[in-house]
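S.K.: The structure is given below, and queries will be raised subsequently.
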Amino acid sequence: MAATYQSSCPLNCWDTCGFTVTVENGKVVKVEGDKSHPITQGKICSRGRMLETRTNSTERLLYPLKKVNGQFVRISWEQALDEIAEKMEEIKEKYGTTAILHSHDYANNGLLKNLDQRFFNCFGGVTELTGSLCWGAGIEAQTWDFGSSYSHAPEDIYNSQNVVIWGRNVARTNMHLFQHLQAVKKQGTKLVVIDPIFNQTAKIADMYVSIKPGMDGFLAIGIMKELLRLGLEDQTFIKNYTVGFEDLLALIEQITLDEIIEMTEVRREVFTELAYIYGNRPTMTYLGLGMQRYANGGNTIRLIDALVAISGNIGIPGGGANFGNLQVGQSFNIKALTLPERKTASRTFTMMKQAEGILQAKNPAIKMIIVTCGNPLTQVPNTNLVKKAFQSVETVVVFEQFMTDTAELADYVLPTTTVFEEEDIYYSSMYHAYVNYGPAIVDPPGEAKSDLWIWTELAKRLGFGDDFSYSREEFLKMGLSHLEKHGITLKKLKQEKHMLLPVKSVPWDDYQFKTPSGKYEFTSLLARQKGFDGKLKMMYPAEIGNPKLENKYPYTLLTIHPLRSNHSQHYHLLESMQSVKIEVSEDIAIEKGLKDGDLVKIFNDRGELTGNIKVMKKAHPKTINIDEGQWQKFGGSVNTLTSDLESDNGAGSTLYDCLVNLEKI
């Protein structure tokens, strides 16, 4: 007998879709969109649909594994937990708790995923990762400018005169925004796409701007120069609600429009047209993640923020500089879940530099790595260095559902549940403000256990079991406790399946910013408090534009998100994805005599990959793309080629700041 349940997608993307899941004979047989969900309205992407295949895969890890003489052997949960807890206690006594590194990422959502922090805080505090490979530089940048990173509600797009999609292929990564773009275009809203690649979103645009990768900040400066020349700035907003405008003016005057045209490879008339578009407010800007993945990435986002600000598109319906939407996550009582006050020791590495941190750590050295919610051997830049670092550590423990590249290197692999096998609450950190309820609807296969069960059992063995002596329902209520005054309770959420969180649909409409000054800050006081000078700068990528390096490696490598996999999660489930595809701009194909299907080697000083050519139409000259996430056994991760440098503000990666060369094989 089949039964259908309402659930949620756990994948950490903009949309966080509502699901209807059909279960028959204790097995998930179909995942479809929930037509009652106010945002996703029954439409889901292939990544979400793949969760049925992922849950039912015969490749699932079913039992705890231990590596013995280089081979994995099955062990009991009792043995695995006893041995891991014993090693943790020994490390704590001999070296201190920070000799353990918690390596993680954010590819899977869920309110109770925060309980990993509770565990490590109650243990005493371990070495933790800061920043983000994905969006860290941009979040930090907007925190400097606004005090936090907030976005407008999805429906506010219908108040816009113009919509600028800057470095974001919403057709691939934000499909429900794509539907809105199609709708507002029909009502007469002008749609602009700025991107090095002529993507699916660009195909529906009224105006497409092709830009040299890494030069988006200079494009913003050029538009601001034209905006000011034409007198289109919002003087009232600038005078009453901002600080540091004089510093911005001084910066803009340091460079000519001709110099900007040469750097961005954008035609002069485009700057003027974009200035008029921003001056014809309300103009809504959606910022993508790629352009903040450069050494100048934070500064780039800040310059685009500044453009949105001086044009008067902050705090008005139909406007905004939409990047993250942290007000959603801030609605929950995360402190109650994580108990930060229990931490007595702390050390941090940035997520980007974790390999270097592991290899160089002293007093104490890293003796154990515990990996959750991530696959660093595929996703962290400079793969060869990451592999060397992980191999250098005595004990590596990986929570996983499949034998990933990272799990292959582990000493212990602990099998975990999928979204349909555990109860949790899911929400979007980047787009809409609906919270979704996800019930446990099938039993996990074999002996797979939830992260919470594993933390609870380890906590018992390590002497702080009382801190985990709560049911899953009690933890969920704990996380929702701040929302009870707004009528959002676990009981009601279970009944309604999705509820709108009490967040602003038009952020900053009162012009009360969360910055130290309470105003929009062109020159950031928070940045100064952190040791930066806080001023906007004329800042360049680390590799792109470097003449000596470009002579050796003349092509820019981008590493965009795959269409059918959330990072590395689905590659092993789709035979069509199990080879390296190297997409090149037409000029490279002509220069190298390449056609679709040709086998080539792509390389730089960090490593090399081989793959088959696909020629891109209308991509910016000298541009290459390889989708990120590929497994080693299917050709290897593109991060073999990428740099582990940190962004200018220290909070993000430089994954797109990468030069390579190419040879036909």
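In the structure tokens, the first chain shown is A, the next is B, and so on; residue numbers restart at 1 for each chain, and ligands run from 1 in the order shown.
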List as a ChimeraX atom specification the protein and nucleic acid residues near range 316-323 of chain A, meaning an atom at most 9 Å away when only C-alpha atoms are counted, but skip any in the same chain fewer than 4 places from it.

M.R.: /A:135,138-139,142,149-152,156-163,281-289,304-305,308-309,312,430-431,505-509

S.K.: Within 12 Å of range 374-397 of chain A, which residues of range 33-79 of chain A come that close, and what is the closest atom pair and distance in Å for each? Count only C-alpha atoms and give it as a tab-separated table.

M.R.:
```
residue	atom	partner	partner_atom	distance
A:Pro64	CA	A:Val397	CA	10.6
A:Leu65	CA	A:Val397	CA	10.0
A:Lys66	CA	A:Val397	CA	9.4
A:Lys67	CA	A:Val396	CA	10.2
```

S.K.: Could you check the closest approach to Asn325 in chain A for each of A:Glu140, A:Asp34, A:Trp14, A:Glu86 and tell me which residue wins, using only C-alpha atoms?

M.R.: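 Ranked by minimum distance to Asn325 in chain A, first place goes to A:Trp14.
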
S.K.: Excluding range 510-521 of chain A and its own-chain neighbours fewer than 2 positions away, which residues fall within 7 Å of it when counting only C-alpha atoms? Please give them as a CSV table (one decimal) with all heavy atoms, in the first residue's frame.

M.R.:
```
chain,number,residue,atom,x,y,z
A,145,ASP,N,29.2,46.1,5.0
A,145,ASP,CA,28.4,47.2,4.4
A,145,ASP,C,27.1,47.5,5.1
A,145,ASP,O,26.8,48.7,5.4
A,145,ASP,CB,28.1,46.9,2.9
A,145,ASP,CG,29.4,46.8,2.0
A,145,ASP,OD1,30.4,47.4,2.4
A,145,ASP,OD2,29.3,46.2,1.0
A,146,PHE,N,26.4,46.5,5.3
A,146,PHE,CA,25.0,46.6,5.9
A,146,PHE,C,24.9,46.2,7.4
A,146,PHE,O,23.9,46.6,8.0
A,146,PHE,CB,24.0,45.7,5.1
A,146,PHE,CG,23.9,46.0,3.7
A,146,PHE,CD1,24.6,45.3,2.7
A,146,PHE,CD2,23.0,46.9,3.2
A,146,PHE,CE1,24.5,45.5,1.4
A,146,PHE,CE2,22.8,47.2,1.9
A,146,PHE,CZ,23.6,46.5,0.9
A,147,GLY,N,25.8,45.4,7.8
A,147,GLY,CA,25.7,44.8,9.2
A,147,GLY,C,25.3,43.4,9.1
A,147,GLY,O,25.5,42.6,10.1
A,148,SER,N,24.7,42.9,8.0
A,148,SER,CA,24.4,41.5,7.8
A,148,SER,C,24.1,41.4,6.3
A,148,SER,O,24.0,42.4,5.5
A,148,SER,CB,23.2,41.1,8.6
A,148,SER,OG,23.2,39.7,8.6
A,241,TYR,N,22.0,58.6,5.1
A,241,TYR,CA,22.0,57.2,5.6
A,241,TYR,C,23.3,56.4,5.3
A,241,TYR,O,23.3,55.2,5.4
A,241,TYR,CB,20.8,56.4,5.0
A,241,TYR,CG,19.5,57.1,5.3
A,241,TYR,CD1,18.7,57.6,4.2
A,241,TYR,CD2,19.0,57.2,6.6
A,241,TYR,CE1,17.5,58.2,4.5
A,241,TYR,CE2,17.8,57.8,6.8
A,241,TYR,CZ,17.0,58.3,5.8
A,241,TYR,OH,15.8,58.9,6.0
A,242,THR,N,24.4,57.2,4.9
A,242,THR,CA,25.6,56.5,4.6
A,242,THR,C,26.8,57.2,5.3
A,242,THR,O,26.7,58.4,5.7
A,242,THR,CB,25.9,56.4,3.1
A,242,THR,OG1,26.3,57.7,2.6
A,242,THR,CG2,24.7,55.9,2.4
A,243,VAL,N,27.9,56.5,5.4
A,243,VAL,CA,29.2,57.1,5.9
A,243,VAL,C,30.3,56.6,4.9
A,243,VAL,O,30.2,55.5,4.3
A,243,VAL,CB,29.6,56.7,7.3
A,243,VAL,CG1,28.6,57.2,8.3
A,243,VAL,CG2,29.7,55.2,7.5
A,244,GLY,N,31.2,57.5,4.7
A,244,GLY,CA,32.4,57.1,3.9
A,244,GLY,C,32.3,57.4,2.4
A,244,GLY,O,33.1,56.9,1.6
A,315,GLY,N,16.6,49.4,0.5
A,315,GLY,CA,15.5,49.7,1.4
A,315,GLY,C,14.2,50.1,0.7
A,315,GLY,O,13.3,50.6,1.4
A,508,TRP,N,16.1,46.6,5.4
A,508,TRP,CA,16.6,48.0,5.5
A,508,TRP,C,15.6,49.1,5.1
A,508,TRP,O,16.0,50.2,4.8
A,508,TRP,CB,17.9,48.1,4.7
A,508,TRP,CG,18.8,46.9,4.8
A,508,TRP,CD1,19.3,46.2,3.7
A,508,TRP,CD2,19.4,46.3,5.9
A,508,TRP,NE1,20.1,45.1,4.1
A,508,TRP,CE2,20.2,45.2,5.5
A,508,TRP,CE3,19.4,46.6,7.3
A,508,TRP,CZ2,20.9,44.4,6.4
A,508,TRP,CZ3,20.1,45.8,8.2
A,508,TRP,CH2,20.8,44.7,7.7
A,523,THR,N,32.9,53.0,3.9
A,523,THR,CA,34.1,52.7,4.6
A,523,THR,C,33.7,52.0,5.9
A,523,THR,O,33.0,52.5,6.7
A,523,THR,CB,34.9,53.9,4.9
A,523,THR,OG1,35.3,54.5,3.7
A,523,THR,CG2,36.2,53.6,5.7
A,524,SER,N,34.1,50.7,6.1
A,524,SER,CA,33.5,49.9,7.1
A,524,SER,C,34.3,50.0,8.4
A,524,SER,O,35.5,49.8,8.5
A,524,SER,CB,33.6,48.4,6.7
A,524,SER,OG,33.3,47.5,7.7
A,525,LEU,N,33.5,50.3,9.5
A,525,LEU,CA,34.1,50.4,10.8
A,525,LEU,C,34.3,49.0,11.4
A,525,LEU,O,35.3,48.8,12.1
A,525,LEU,CB,33.1,51.2,11.7
A,525,LEU,CG,32.9,52.7,11.3
A,525,LEU,CD1,31.9,53.3,12.3
A,525,LEU,CD2,34.2,53.4,11.3
A,526,LEU,N,33.4,48.1,11.0
A,526,LEU,CA,33.6,46.7,11.5
A,526,LEU,C,34.9,46.1,10.9
A,526,LEU,O,35.7,45.4,11.6
A,526,LEU,CB,32.4,45.8,11.1
A,526,LEU,CG,32.5,44.3,11.4
A,526,LEU,CD1,32.6,44.1,12.9
A,526,LEU,CD2,31.3,43.6,10.9
```

S.K.: Enumerate, as an MDAnalysis selection string, the complete set of residues in range 291-368 of chain A that a backbone-based DSSP assignment places in strand (DSSP E).

M.R.: chainID A and resid 321:322 347:350 368

S.K.: What does the file look like for those residues with C-alpha atoms, as a compact mmCIF listing (two decimals), in the first residue's frame?

M.R.:
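Output file again.txt is given in full below:
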```
# COMPACT_ATOMS: atom_id res chain seq x y z
CA ALA A 321 21.64 43.78 -3.36
CA ASN A 322 20.47 40.19 -2.93
CA ARG A 347 41.65 27.20 17.59
CA THR A 348 40.59 27.93 14.04
CA PHE A 349 41.78 27.29 10.51
CA THR A 350 40.01 28.78 7.54
CA MET A 368 42.42 13.36 14.79
```

S.K.: Which of range 366-592 of chain A end up as helix (DSSP H, G or I) when DSSP is run on this backbone - answer as an NGL selection string?

M.R.: :A and (376-379 or 383-391 or 405-408 or 419-421 or 451-462 or 465-468 or 472-486 or 490-496 or 525-529 or 547-552 or 571-573 or 575-577 or 586-592)

S.K.: Could you give me, as an MDAnalysis selection string, the residues within 10 Å of Gly42 in chain A, counting only C-alpha atoms and dropping anything in the same chain fewer than 5 positions from it?

M.R.: chainID A and resid 17:20 32:37
